[in-house]
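File shown: final.cif (mmCIF, C-alpha atoms).
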data_run
loop_
_atom_site.label_atom_id
_atom_site.label_comp_id
_atom_site.auth_asym_id
_atom_site.auth_seq_id
_atom_site.Cartn_x
_atom_site.Cartn_y
_atom_site.Cartn_z
CA MET A 145 -21.27 -14.55 -21.33
CA PRO A 146 -19.45 -17.93 -21.13
CA PRO A 147 -21.63 -20.90 -20.11
CA GLY A 148 -21.71 -21.68 -16.40
CA ILE A 149 -20.85 -18.18 -15.21
CA THR A 150 -23.46 -16.34 -13.20
CA THR A 151 -23.30 -12.57 -12.80
CA LEU A 152 -24.42 -11.42 -9.37
CA ALA A 153 -26.34 -8.18 -8.96
CA ALA A 154 -23.47 -6.82 -6.89
CA ASP A 155 -21.13 -7.37 -9.85
CA ALA A 156 -23.16 -5.20 -12.22
CA PRO A 157 -21.46 -1.95 -13.24
CA THR A 158 -22.42 1.15 -11.31
CA LEU A 159 -22.10 4.75 -12.38
CA SER A 160 -18.58 6.05 -11.85
CA ALA A 161 -18.30 9.79 -11.29
CA ALA A 162 -14.58 9.63 -12.15
CA ASN A 163 -15.08 7.85 -15.49
CA THR A 164 -18.07 10.03 -16.32
CA GLY A 165 -16.08 13.20 -15.72
CA PHE A 166 -13.12 11.81 -17.63
CA MET A 167 -15.30 10.99 -20.64
CA LEU A 168 -16.97 14.41 -20.64
CA ILE A 169 -13.51 16.01 -20.74
CA CYS A 170 -12.50 13.67 -23.57
CA SER A 171 -15.67 14.62 -25.45
CA ALA A 172 -14.76 18.30 -25.16
CA LEU A 173 -11.22 17.53 -26.39
CA VAL A 174 -12.59 15.76 -29.46
CA MET A 175 -14.96 18.65 -30.11
CA ILE A 176 -12.07 21.16 -30.22
CA MET A 177 -10.44 19.04 -32.91
CA THR A 178 -12.98 20.20 -35.50
CA PRO A 179 -12.15 23.92 -35.07
CA GLY A 180 -8.49 22.82 -34.96
CA LEU A 181 -8.98 21.04 -38.27
CA ALA A 182 -10.60 24.20 -39.65
CA PHE A 183 -7.50 26.23 -38.74
CA PHE A 184 -5.20 23.51 -40.10
CA TYR A 185 -7.00 23.41 -43.44
CA GLY A 186 -7.71 27.15 -43.46
CA GLY A 187 -4.02 28.00 -43.30
CA MET A 188 -3.19 25.61 -46.13
CA VAL A 189 -5.44 27.23 -48.74
CA ARG A 190 -5.01 30.53 -50.57
CA VAL A 191 -6.30 33.75 -49.04
CA LYS A 192 -9.39 33.84 -51.23
CA SER A 193 -10.62 30.46 -49.91
CA THR A 194 -9.84 30.79 -46.20
CA LEU A 195 -13.33 31.43 -44.85
CA ASN A 196 -14.91 28.78 -47.04
CA MET A 197 -12.44 26.23 -45.74
CA LEU A 198 -13.19 27.20 -42.14
CA MET A 199 -16.93 27.01 -42.76
CA MET A 200 -16.74 23.57 -44.39
CA SER A 201 -15.57 22.23 -41.03
CA PHE A 202 -17.78 24.39 -38.82
CA ILE A 203 -20.98 23.48 -40.66
CA SER A 204 -20.40 19.85 -39.71
CA LEU A 205 -20.77 20.84 -36.05
CA GLY A 206 -24.30 21.99 -36.83
CA ILE A 207 -25.57 19.41 -39.32
CA VAL A 208 -24.17 16.24 -37.77
CA THR A 209 -25.21 17.18 -34.23
CA ILE A 210 -28.87 17.45 -35.22
CA LEU A 211 -28.81 14.29 -37.34
CA TRP A 212 -27.10 12.36 -34.53
CA VAL A 213 -29.84 13.27 -32.10
CA LEU A 214 -32.66 12.53 -34.55
CA TYR A 215 -31.48 9.16 -35.83
CA GLY A 216 -27.69 8.86 -36.16
CA PHE A 217 -26.95 7.46 -32.73
CA SER A 218 -29.70 4.90 -33.16
CA LEU A 219 -28.41 3.81 -36.58
CA ALA A 220 -24.83 3.50 -35.37
CA PHE A 221 -25.29 2.01 -31.91
CA GLY A 222 -28.85 0.73 -31.71
CA THR A 223 -29.84 -2.93 -31.66
CA ASP A 224 -28.16 -4.75 -34.53
CA ILE A 225 -30.14 -5.46 -37.69
CA GLY A 226 -28.45 -7.96 -40.00
CA SER A 227 -24.93 -7.00 -38.88
CA PHE A 228 -25.15 -3.92 -41.14
CA ILE A 229 -27.08 -1.26 -39.25
CA GLY A 230 -28.61 -0.63 -35.86
CA TRP A 231 -31.86 0.81 -34.60
CA SER A 232 -33.37 1.44 -31.16
CA SER A 233 -36.44 3.61 -30.79
CA ASP A 234 -35.25 4.80 -27.38
CA PHE A 235 -32.14 6.25 -29.03
CA ALA A 236 -34.07 8.12 -31.75
CA GLY A 237 -34.27 11.70 -30.59
CA LEU A 238 -32.43 10.59 -27.43
CA SER A 239 -35.94 10.51 -26.04
CA GLY A 240 -36.08 7.23 -24.13
CA ILE A 241 -32.80 7.36 -22.22
CA GLY A 242 -32.69 7.75 -18.45
CA ILE A 243 -30.26 10.32 -17.11
CA THR A 244 -28.40 7.69 -15.07
CA GLN A 245 -28.93 4.81 -17.52
CA LEU A 246 -25.53 3.20 -18.13
CA TRP A 247 -24.02 2.25 -21.45
CA ASP A 248 -24.14 -1.54 -21.48
CA GLY A 249 -21.15 -3.04 -19.67
CA TYR A 250 -19.61 0.32 -18.70
CA THR A 251 -19.74 2.77 -15.84
CA ILE A 252 -20.72 5.88 -17.83
CA PRO A 253 -24.23 7.07 -18.75
CA VAL A 254 -25.63 6.47 -22.23
CA TYR A 255 -25.76 10.23 -22.69
CA VAL A 256 -22.01 10.49 -22.15
CA PHE A 257 -21.27 7.69 -24.61
CA ALA A 258 -23.62 9.31 -27.13
CA VAL A 259 -21.99 12.74 -26.94
CA PHE A 260 -18.48 11.26 -27.12
CA GLN A 261 -19.35 9.34 -30.28
CA LEU A 262 -21.11 12.42 -31.67
CA MET A 263 -17.79 14.26 -31.76
CA PHE A 264 -16.32 11.47 -33.92
CA ALA A 265 -19.27 11.71 -36.28
CA ILE A 266 -18.76 15.48 -36.57
CA ILE A 267 -15.09 15.48 -37.48
CA THR A 268 -15.20 12.63 -40.00
CA PRO A 269 -17.02 14.48 -42.83
CA ALA A 270 -15.04 17.62 -41.94
CA LEU A 271 -11.88 15.68 -42.80
CA ILE A 272 -13.18 15.14 -46.33
CA SER A 273 -13.48 18.87 -46.97
CA GLY A 274 -9.72 19.39 -47.29
CA ALA A 275 -9.67 17.46 -50.55
CA LEU A 276 -12.32 19.74 -52.09
CA ALA A 277 -10.83 23.14 -51.31
CA ASP A 278 -11.46 26.15 -53.58
CA ARG A 279 -14.20 24.75 -55.78
CA VAL A 280 -17.36 23.38 -54.08
CA LYS A 281 -20.66 25.18 -53.53
CA PHE A 282 -21.35 25.55 -49.83
CA THR A 283 -24.99 24.46 -50.18
CA SER A 284 -23.92 21.37 -52.10
CA TRP A 285 -21.32 20.57 -49.46
CA ALA A 286 -23.93 20.85 -46.70
CA LEU A 287 -26.22 18.48 -48.60
CA PHE A 288 -23.35 16.06 -49.17
CA VAL A 289 -22.53 16.01 -45.44
CA THR A 290 -26.17 15.28 -44.63
CA LEU A 291 -26.39 12.38 -47.06
CA TRP A 292 -22.91 11.03 -46.41
CA VAL A 293 -23.15 10.65 -42.67
CA THR A 294 -26.56 8.99 -43.12
CA VAL A 295 -25.62 6.35 -45.67
CA VAL A 296 -21.88 5.97 -45.05
CA TYR A 297 -20.69 7.05 -41.61
CA PHE A 298 -23.55 5.76 -39.46
CA PRO A 299 -23.55 2.27 -41.05
CA VAL A 300 -19.74 1.98 -41.02
CA ALA A 301 -19.59 3.05 -37.36
CA HIS A 302 -22.03 0.22 -36.62
CA TRP A 303 -19.93 -2.30 -38.58
CA VAL A 304 -16.80 -1.40 -36.64
CA TRP A 305 -17.99 -0.52 -33.13
CA GLY A 306 -21.64 -1.55 -32.77
CA ALA A 307 -22.51 -4.76 -30.96
CA GLY A 308 -23.40 -7.19 -33.75
CA GLY A 309 -21.66 -5.18 -36.46
CA TRP A 310 -20.01 -7.57 -38.88
CA LEU A 311 -16.47 -6.18 -38.58
CA PHE A 312 -16.84 -5.98 -34.79
CA GLU A 313 -17.89 -9.63 -34.69
CA LEU A 314 -15.09 -10.63 -37.07
CA GLY A 315 -12.55 -9.31 -34.58
CA VAL A 316 -11.19 -6.33 -36.50
CA ILE A 317 -9.28 -4.07 -34.12
CA ASP A 318 -9.98 -0.36 -34.47
CA PHE A 319 -9.34 1.31 -31.14
CA ALA A 320 -10.46 4.82 -32.07
CA GLY A 321 -11.25 5.14 -35.76
CA GLY A 322 -8.63 4.05 -38.28
CA THR A 323 -11.30 2.46 -40.44
CA ALA A 324 -14.49 4.21 -39.32
CA VAL A 325 -12.97 7.70 -39.39
CA HIS A 326 -9.76 8.01 -41.40
CA ILE A 327 -10.04 5.36 -44.11
CA ASN A 328 -13.72 6.23 -44.37
CA ALA A 329 -13.01 9.94 -44.88
CA GLY A 330 -9.97 9.42 -47.09
CA ALA A 331 -11.77 7.03 -49.42
CA ALA A 332 -14.76 9.39 -49.57
CA ALA A 333 -12.47 12.27 -50.48
CA LEU A 334 -10.99 10.27 -53.34
CA GLY A 335 -14.44 9.30 -54.60
CA VAL A 336 -15.68 12.89 -54.62
CA ILE A 337 -12.64 14.44 -56.30
CA LEU A 338 -12.76 11.85 -59.06
CA VAL A 339 -16.28 13.13 -59.79
CA ILE A 340 -15.84 16.89 -59.46
CA GLY A 341 -12.42 17.20 -61.06
CA LYS A 342 -9.44 19.46 -60.54
CA ARG A 343 -9.13 23.07 -59.44
CA VAL A 344 -8.59 25.67 -62.13
CA GLY A 345 -4.84 25.95 -62.55
CA PHE A 346 -3.95 22.64 -60.90
CA LYS A 347 -0.28 21.81 -61.59
CA LYS A 348 0.09 25.21 -63.33
CA ASP A 349 -0.56 27.97 -60.80
CA PRO A 350 1.14 28.22 -57.39
CA MET A 351 -1.26 27.06 -54.67
CA ARG A 352 0.88 27.47 -51.59
CA PRO A 353 -0.49 27.77 -48.03
CA HIS A 354 -1.27 31.37 -47.19
CA SER A 355 -0.63 31.09 -43.43
CA LEU A 356 1.75 28.48 -42.05
CA PRO A 357 1.31 29.84 -38.49
CA LEU A 358 -2.40 29.04 -38.83
CA VAL A 359 -1.49 25.54 -40.01
CA MET A 360 0.75 25.01 -36.98
CA LEU A 361 -1.94 26.31 -34.63
CA GLY A 362 -4.43 23.87 -36.14
CA ALA A 363 -1.96 20.99 -35.90
CA GLY A 364 -1.32 21.82 -32.25
CA LEU A 365 -5.04 21.82 -31.46
CA LEU A 366 -5.46 18.52 -33.28
CA TRP A 367 -2.56 16.95 -31.36
CA PHE A 368 -4.00 18.22 -28.07
CA GLY A 369 -7.54 17.06 -28.82
CA TRP A 370 -6.35 13.69 -30.09
CA PHE A 371 -5.48 12.58 -26.56
CA GLY A 372 -9.20 12.66 -25.81
CA PHE A 373 -9.98 11.08 -29.17
CA ASN A 374 -7.70 8.11 -28.48
CA ALA A 375 -7.43 7.64 -24.72
CA GLY A 376 -11.15 8.25 -24.27
CA SER A 377 -12.10 5.47 -26.66
CA TRP A 378 -11.60 2.87 -23.92
CA LEU A 379 -14.59 4.53 -22.20
CA GLY A 380 -12.99 4.51 -18.80
CA ASN A 381 -9.78 4.84 -16.85
CA ASP A 382 -9.77 1.83 -14.55
CA ASP A 383 -7.33 -0.70 -16.03
CA GLY A 384 -4.48 1.26 -17.63
CA VAL A 385 -5.35 0.61 -21.26
CA GLY A 386 -6.32 4.24 -21.83
CA ALA A 387 -3.01 5.31 -20.28
CA VAL A 388 -1.09 3.11 -22.73
CA MET A 389 -3.07 4.63 -25.57
CA PHE A 390 -2.26 8.14 -24.31
CA VAL A 391 1.46 7.37 -24.25
CA ASN A 392 1.39 5.68 -27.65
CA THR A 393 -0.42 8.66 -29.15
CA GLN A 394 2.40 10.98 -28.10
CA VAL A 395 5.15 8.56 -29.13
CA ALA A 396 3.81 7.70 -32.59
CA THR A 397 3.08 11.35 -33.40
CA ALA A 398 6.62 12.37 -32.50
CA ALA A 399 8.10 9.50 -34.55
CA ALA A 400 5.97 10.31 -37.59
CA MET A 401 6.86 14.00 -37.49
CA LEU A 402 10.59 13.18 -37.38
CA ALA A 403 10.27 10.55 -40.09
CA TRP A 404 8.37 12.93 -42.40
CA LEU A 405 10.97 15.66 -41.85
CA GLY A 406 13.81 13.21 -42.49
CA TYR A 407 12.22 12.03 -45.73
CA GLU A 408 11.56 15.63 -46.73
CA LYS A 409 15.16 16.65 -46.11
CA LEU A 410 16.52 13.73 -48.13
CA ARG A 411 13.99 14.14 -50.95
CA HIS A 412 13.65 17.91 -51.19
CA GLY A 413 16.53 19.36 -49.18
CA SER A 414 14.57 21.22 -46.49
CA PHE A 415 12.80 20.77 -43.16
CA THR A 416 9.47 22.59 -43.59
CA THR A 417 6.88 23.66 -41.06
CA LEU A 418 4.18 22.23 -43.31
CA GLY A 419 6.05 18.92 -43.26
CA ALA A 420 6.26 18.96 -39.46
CA ALA A 421 2.53 19.62 -39.13
CA SER A 422 1.58 17.04 -41.77
CA GLY A 423 3.90 14.43 -40.27
CA ALA A 424 2.35 14.91 -36.84
CA VAL A 425 -1.13 14.41 -38.26
CA ALA A 426 0.02 11.30 -40.13
CA GLY A 427 1.27 9.81 -36.87
CA LEU A 428 -1.97 10.67 -35.10
CA VAL A 429 -3.94 8.98 -37.86
CA ALA A 430 -1.85 5.80 -37.83
CA ILE A 431 -1.85 5.31 -34.06
CA THR A 432 -5.62 5.82 -33.82
CA PRO A 433 -6.56 2.21 -34.71
CA SER A 434 -3.40 0.57 -33.39
CA GLY A 435 -2.38 2.30 -30.16
CA GLY A 436 -4.41 0.07 -27.86
CA ALA A 437 -2.84 -3.09 -29.24
CA ILE A 438 0.87 -2.26 -29.35
CA SER A 439 3.73 -1.24 -27.06
CA PRO A 440 5.45 2.16 -27.03
CA LEU A 441 8.30 0.65 -29.08
CA GLY A 442 5.71 -0.54 -31.55
CA ALA A 443 4.27 2.98 -31.57
CA ILE A 444 7.65 4.34 -32.67
CA ALA A 445 7.66 1.87 -35.55
CA VAL A 446 4.06 2.59 -36.55
CA GLY A 447 4.64 6.35 -36.44
CA ALA A 448 7.89 6.22 -38.41
CA ILE A 449 6.45 3.94 -41.08
CA ALA A 450 3.33 6.07 -41.43
CA GLY A 451 5.36 9.28 -41.57
CA VAL A 452 7.43 8.06 -44.51
CA LEU A 453 4.54 6.39 -46.35
CA CYS A 454 2.30 9.46 -46.08
CA ALA A 455 5.12 11.81 -47.11
CA MET A 456 5.60 9.67 -50.21
CA ALA A 457 1.88 9.38 -50.88
CA VAL A 458 1.10 13.11 -51.01
CA GLY A 459 3.00 13.37 -54.30
CA LEU A 460 0.90 10.71 -56.01
CA LYS A 461 -1.75 13.27 -56.96
CA TYR A 462 0.69 14.88 -59.38
CA LYS A 463 1.64 11.51 -60.85
CA PHE A 464 -1.92 10.23 -61.29
CA GLY A 465 -3.63 13.59 -61.88
CA TYR A 466 -6.26 13.68 -59.12
CA ASP A 467 -6.53 16.99 -57.25
CA ASP A 468 -6.51 16.15 -53.54
CA SER A 469 -6.17 19.79 -52.50
CA LEU A 470 -4.89 19.39 -48.93
CA ASP A 471 -3.68 15.76 -49.03
CA VAL A 472 -6.60 14.06 -47.33
CA VAL A 473 -6.00 10.92 -49.38
CA GLY A 474 -2.25 10.99 -48.83
CA VAL A 475 -2.48 11.46 -45.05
CA HIS A 476 -5.80 10.09 -43.82
CA LEU A 477 -6.41 7.24 -46.26
CA VAL A 478 -2.80 6.07 -46.43
CA GLY A 479 -2.17 6.70 -42.73
CA GLY A 480 -5.38 4.93 -41.76
CA VAL A 481 -4.56 1.91 -43.93
CA ALA A 482 -1.01 1.74 -42.58
CA GLY A 483 -2.05 2.00 -38.94
CA SER A 484 -4.81 -0.57 -39.32
CA LEU A 485 -2.68 -3.14 -41.14
CA LEU A 486 0.37 -2.72 -38.89
CA ILE A 487 -1.73 -4.08 -36.01
CA GLY A 488 -1.33 -7.42 -37.75
CA PHE A 489 2.43 -7.16 -37.20
CA PHE A 490 2.90 -5.26 -33.92
CA ALA A 491 -0.05 -6.30 -31.69
CA THR A 492 1.44 -7.62 -28.45
CA GLY A 493 -1.61 -9.42 -27.09
CA GLY A 494 -1.12 -7.73 -23.74
CA VAL A 495 -3.03 -4.46 -23.88
CA GLN A 496 -6.61 -4.17 -25.13
CA SER A 497 -6.99 -7.82 -26.15
CA ASP A 498 -5.04 -11.07 -26.43
CA ALA A 499 -4.81 -10.82 -30.23
CA LYS A 500 -1.17 -11.04 -31.33
CA GLY A 501 0.48 -9.85 -34.51
CA LEU A 502 2.99 -11.65 -36.69
CA PHE A 503 6.03 -10.30 -34.82
CA TYR A 504 4.66 -11.60 -31.51
CA GLY A 505 3.85 -15.13 -32.57
CA GLY A 506 0.31 -14.55 -33.72
CA GLY A 507 0.76 -15.58 -37.33
CA LEU A 508 -1.23 -13.92 -40.10
CA ASP A 509 -4.70 -14.32 -38.59
CA GLN A 510 -5.08 -10.78 -37.22
CA LEU A 511 -3.47 -9.26 -40.30
CA GLY A 512 -6.09 -10.99 -42.43
CA LYS A 513 -8.91 -9.63 -40.28
CA GLN A 514 -7.45 -6.13 -40.47
CA ALA A 515 -7.17 -6.36 -44.25
CA VAL A 516 -10.84 -7.32 -44.54
CA GLY A 517 -11.85 -4.32 -42.44
CA VAL A 518 -9.61 -1.91 -44.33
CA PHE A 519 -10.70 -2.84 -47.81
CA ALA A 520 -14.39 -3.28 -46.98
CA VAL A 521 -14.64 0.25 -45.57
CA LEU A 522 -12.44 1.69 -48.32
CA ALA A 523 -14.50 0.18 -51.13
CA TYR A 524 -17.88 1.02 -49.61
CA SER A 525 -17.01 4.61 -48.83
CA LEU A 526 -15.28 5.23 -52.16
CA VAL A 527 -18.17 3.95 -54.27
CA VAL A 528 -21.06 5.41 -52.28
CA SER A 529 -19.35 8.79 -51.88
CA ALA A 530 -18.71 9.00 -55.61
CA VAL A 531 -22.35 8.16 -56.33
CA LEU A 532 -23.57 10.83 -53.90
CA ALA A 533 -21.27 13.44 -55.44
CA PHE A 534 -22.42 12.47 -58.93
CA LEU A 535 -26.10 12.78 -58.02
CA ILE A 536 -25.61 16.18 -56.37
CA ASP A 537 -23.50 17.39 -59.28
CA ARG A 538 -26.18 16.39 -61.80
CA THR A 539 -28.98 18.05 -59.83
CA ILE A 540 -27.94 21.24 -58.02
CA GLY A 541 -24.28 21.15 -59.08
CA MET A 542 -21.24 20.58 -56.86
CA ARG A 543 -18.85 23.20 -58.22
CA VAL A 544 -18.91 26.98 -58.31
CA ASP A 545 -18.54 28.64 -61.70
CA GLU A 546 -15.01 28.86 -63.06
CA ASP A 547 -14.98 32.67 -62.90
CA ASP A 548 -16.12 32.57 -59.28
CA GLU A 549 -13.44 30.03 -58.42
CA ILE A 550 -10.79 32.26 -59.92
CA SER A 551 -12.03 35.45 -58.27
CA GLY A 552 -12.45 33.84 -54.86
CA ILE A 553 -14.94 31.46 -53.33
CA ASP A 554 -15.12 33.40 -50.05
CA GLN A 555 -16.80 36.38 -51.68
CA VAL A 556 -19.10 34.24 -53.83
CA GLU A 557 -20.30 31.82 -51.15
CA HIS A 558 -20.04 33.91 -47.96
CA ALA A 559 -19.89 37.59 -49.02
CA GLU A 560 -16.83 38.04 -46.80
CA THR A 561 -13.05 37.92 -46.91
CA ALA A 562 -10.75 36.55 -44.24
CA TYR A 563 -8.51 39.59 -44.09
CA ASP A 564 -9.39 43.27 -44.46
CA PHE A 565 -6.46 44.89 -46.21
CA SER A 566 -8.25 48.19 -46.75
CA GLY A 567 -8.41 49.08 -43.06
CA ALA A 568 -12.19 49.54 -43.05
CA GLY A 569 -12.58 46.72 -40.55
CA GLY A 570 -10.05 47.98 -38.05
CA GLY A 571 -6.86 46.83 -39.78
CA ALA A 572 -4.15 48.99 -41.24
CA ALA A 573 -5.18 52.48 -42.33
CA PRO A 574 -5.17 53.25 -46.07
CA ARG A 575 -1.64 53.96 -47.25
CA THR A 576 -0.92 57.58 -48.18
CA THR A 577 1.55 59.13 -50.60
CA GLY A 578 2.61 62.53 -49.33
CA SER A 579 -0.54 64.28 -48.14
CA ALA A 580 -2.90 62.61 -50.59
CA PRO A 581 -4.63 59.36 -49.54
CA VAL A 582 -4.77 56.43 -51.90
CA SER A 583 -8.15 56.38 -53.64
CA ASP A 584 -10.85 53.87 -52.72
CA SER A 585 -10.64 52.32 -56.17
CA THR A 586 -6.87 51.84 -55.87
CA ALA A 587 -7.24 50.32 -52.39
CA ALA A 588 -9.92 47.98 -53.70
CA ALA A 589 -7.70 46.95 -56.58
CA GLN A 590 -4.83 46.26 -54.19
CA THR A 591 -7.11 44.17 -51.98
CA LYS A 592 -8.35 42.18 -54.97
CA LYS A 593 -4.79 41.54 -56.04
CA VAL A 594 -3.80 40.24 -52.60
CA ASP A 595 -6.90 38.06 -52.30
CA ALA A 596 -6.17 36.44 -55.65
#
Can you present the structure in this file as structure tokens?
Amino acid sequence: MPPGITTLAADAPTLSAANTGFMLICSALVMIMTPGLAFFYGGMVRVKSTLNMLMMSFISLGIVTILWVLYGFSLAFGTDIGSFIGWSSDFAGLSGIGITQLWDGYTIPVYVFAVFQLMFAIITPALISGALADRVKFTSWALFVTLWVTVVYFPVAHWVWGAGGWLFELGVIDFAGGTAVHINAGAAALGVILVIGKRVGFKKDPMRPHSLPLVMLGAGLLWFGWFGFNAGSWLGNDDGVGAVMFVNTQVATAAAMLAWLGYEKLRHGSFTTLGAASGAVAGLVAITPSGGAISPLGAIAVGAIAGVLCAMAVGLKYKFGYDDSLDVVGVHLVGGVAGSLLIGFFATGGVQSDAKGLFYGGGLDQLGKQAVGVFAVLAYSLVVSAVLAFLIDRTIGMRVDEDDEISGIDQVEHAETAYDFSGAGGGAAPRTTGSAPVSDSTAAAQTKKVDA
């Protein structure tokens, strides 16, 4: 509070039913993004890994929710300790919070803020899973999620969004998670894959998506949910900032999709559905940190730049030899870096804050702050994630056996398959030749061949 200003009791925020309802809806929208991500990733893998890919996202809904209640919310948003981490005993277990107690400075209850931020914490480790497709033990993945959110996500969320967090105090702009979510997850993915290595057959065997309709469904759910992810991050709907963010989310996503498709056509000769879905996600990633600081024209520029950069970046894994299965590094890390740094050029100073970028007369000051935030989160997440993966790999092991990876991780880890080609589960009846049915052994062999 500036010196000489007195806040009257009548000026204190009061609970707003409208903002509370709005934020609960936004929380539900962000929640649906994790199943949407599961479909998006699930369609991109081969048949034999579909269920495992779905489960790697769904398990985050279980693990992170419980950890958030027990201590995660307190670590991320409790009273600041040394600008690195938070802690408030009232937040541990969500046990000391009144049902109408307001989040400080806002018109929504603490419970609503906590559940909204929980959904961010859930989807962030789920994003990492796409880089590890086909080859990670499910138990090891669950342990990694538990450790990672504890020592990486919760502290980084406090740095970026917690009162007293060092990046928050520095003035780094991250409206909805460019650093805390996307750079954090993308850098973690890179750290883990450098430890666990490539899939069997990488750069040799075809590893095409098995269901592009599933990919498009997932991308659509992500796009839909992202409006809650972004517009809700202003924690209210009173001053128009959230509305600008909503518009910019749509605009940047459209621009990125078109830019990705244009690059794809020029580079490879085709407009692909996978390119459209990936371009949309790249735009969503890039506008997440920047959309509250720029104009809709700036959102077109941010989306287009991110679309091209991410389309170029997904091919780097073949050049440098790291196996980022579903392009988490190429889309989320690169898109998050681009969106965060472009604030330093396109911030207008007339939306969420008065900070201006280079193109609006603000000089290089904000760009420098953004660069500090980007590279601090990137380095921390990359190193710590690699260490966690190394420790798990050396103890219980991170990867399934090579034979199990080849035969199919769904059967090994979950004792199920995504599709029943034999007809026993209500699908197509066994094929017959004349009056004689195909034998069970032949049907099983056909199923195994399709699953592979």
Inset, instruction - Would you mind telling me which residue in A:Leu291, A:Leu453, A:Arg190, A:Leu405 lies nearest to A:Asp349 when using only C-alpha atoms? - result: A:Arg190
Closest pair table for stretch 302-403 of chain A residues within 10 Å of stretch 469-479 of chain A, all atoms listed in the file, as a Markdown table:
| residue | atom | partner | partner_atom | distance |
| --- | --- | --- | --- | --- |
| A:Gly322 | CA | A:Gly479 | CA | 8.3 |
| A:Thr323 | CA | A:Leu477 | CA | 9.0 |
| A:Val325 | CA | A:His476 | CA | 8.8 |
| A:His326 | CA | A:His476 | CA | 5.1 |
| A:Ile327 | CA | A:Leu477 | CA | 4.6 |
| A:Asn328 | CA | A:Leu477 | CA | 7.6 |
| A:Ala329 | CA | A:Leu477 | CA | 7.3 |
| A:Gly330 | CA | A:Leu477 | CA | 4.3 |
| A:Ala331 | CA | A:Leu477 | CA | 6.2 |
| A:Ala332 | CA | A:Val473 | CA | 8.9 |
| A:Ala333 | CA | A:Val473 | CA | 6.7 |
| A:Leu334 | CA | A:Val473 | CA | 6.4 |
| A:Ile337 | CA | A:Ser469 | CA | 9.2 |
| A:Lys342 | CA | A:Ser469 | CA | 8.7 |
| A:Arg343 | CA | A:Ser469 | CA | 8.2 |
| A:Phe346 | CA | A:Ser469 | CA | 9.1 |
| A:Met351 | CA | A:Ser469 | CA | 9.0 |
| A:Pro353 | CA | A:Leu470 | CA | 9.5 |
Inset, instruction - For A:Asp547, please output as a list in words all residues within 10 Å (counting all atoms listed in the file; exclusion window: fewer than 5 positions along the same chain). - result: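 In the requested form, the answer reads Val344, Gly552 and Ile553 of chain A.
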Inset, instruction - Counting all atoms listed in the file, figure out which residue out of A:Gly442, A:Gly494, A:Pro253, A:Gly335 gets nearest to A:Ser529. - result: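 Looking only at the distances to A:Ser529, the closest residue turns out to be A:Gly335.
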Inset, instruction - Quick one: everything within 10 Å of A:Phe228, counting all atoms listed in the file, minus sequence neighbours fewer than 3 positions away in the same chain. Send it as number ranges by chain. - result: A: 219-220, 224-225, 298-304, 306, 308-311
Legend entry - Between atom CA of A:Gly376 and atom CA of A:Gly206 - distance in Å to one decimal: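 Pair atom CA of A:Gly206 / atom CA of A:Gly376 returns 22.8 Å.
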Legend entry - Point-to-point distance in Å for atom CA of A:Ala515 and atom CA of A:Val385: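 Going from atom CA of A:Val385 over to atom CA of A:Ala515, I get 24.1 Å.
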With all atoms listed in the file counted, which protein, DNA or RNA residues have an atom no more than 12 Å from (-5.8, 27.2, -36.2) in the file frame? Please answer as a tab-separated table (two decimals) with C-alpha atoms, in the frame of the given file.
chain	number	residue	atom	x	y	z
A	176	ILE	CA	-12.07	21.16	-30.22
A	177	MET	CA	-10.44	19.04	-32.91
A	178	THR	CA	-12.98	20.20	-35.50
A	179	PRO	CA	-12.15	23.92	-35.07
A	180	GLY	CA	-8.49	22.82	-34.96
A	181	LEU	CA	-8.98	21.04	-38.27
A	182	ALA	CA	-10.60	24.20	-39.65
A	183	PHE	CA	-7.50	26.23	-38.74
A	184	PHE	CA	-5.20	23.51	-40.10
A	185	TYR	CA	-7.00	23.41	-43.44
A	186	GLY	CA	-7.71	27.15	-43.46
A	187	GLY	CA	-4.02	28.00	-43.30
A	188	MET	CA	-3.19	25.61	-46.13
A	194	THR	CA	-9.84	30.79	-46.20
A	197	MET	CA	-12.44	26.23	-45.74
A	198	LEU	CA	-13.19	27.20	-42.14
A	201	SER	CA	-15.57	22.23	-41.03
A	355	SER	CA	-0.63	31.09	-43.43
A	356	LEU	CA	1.75	28.48	-42.05
A	357	PRO	CA	1.31	29.84	-38.49
A	358	LEU	CA	-2.40	29.04	-38.83
A	359	VAL	CA	-1.49	25.54	-40.01
A	360	MET	CA	0.75	25.01	-36.98
A	361	LEU	CA	-1.94	26.31	-34.63
A	362	GLY	CA	-4.43	23.87	-36.14
A	363	ALA	CA	-1.96	20.99	-35.90
A	364	GLY	CA	-1.32	21.82	-32.25
A	365	LEU	CA	-5.04	21.82	-31.46
A	366	LEU	CA	-5.46	18.52	-33.28
A	367	TRP	CA	-2.56	16.95	-31.36
A	421	ALA	CA	2.53	19.62	-39.13
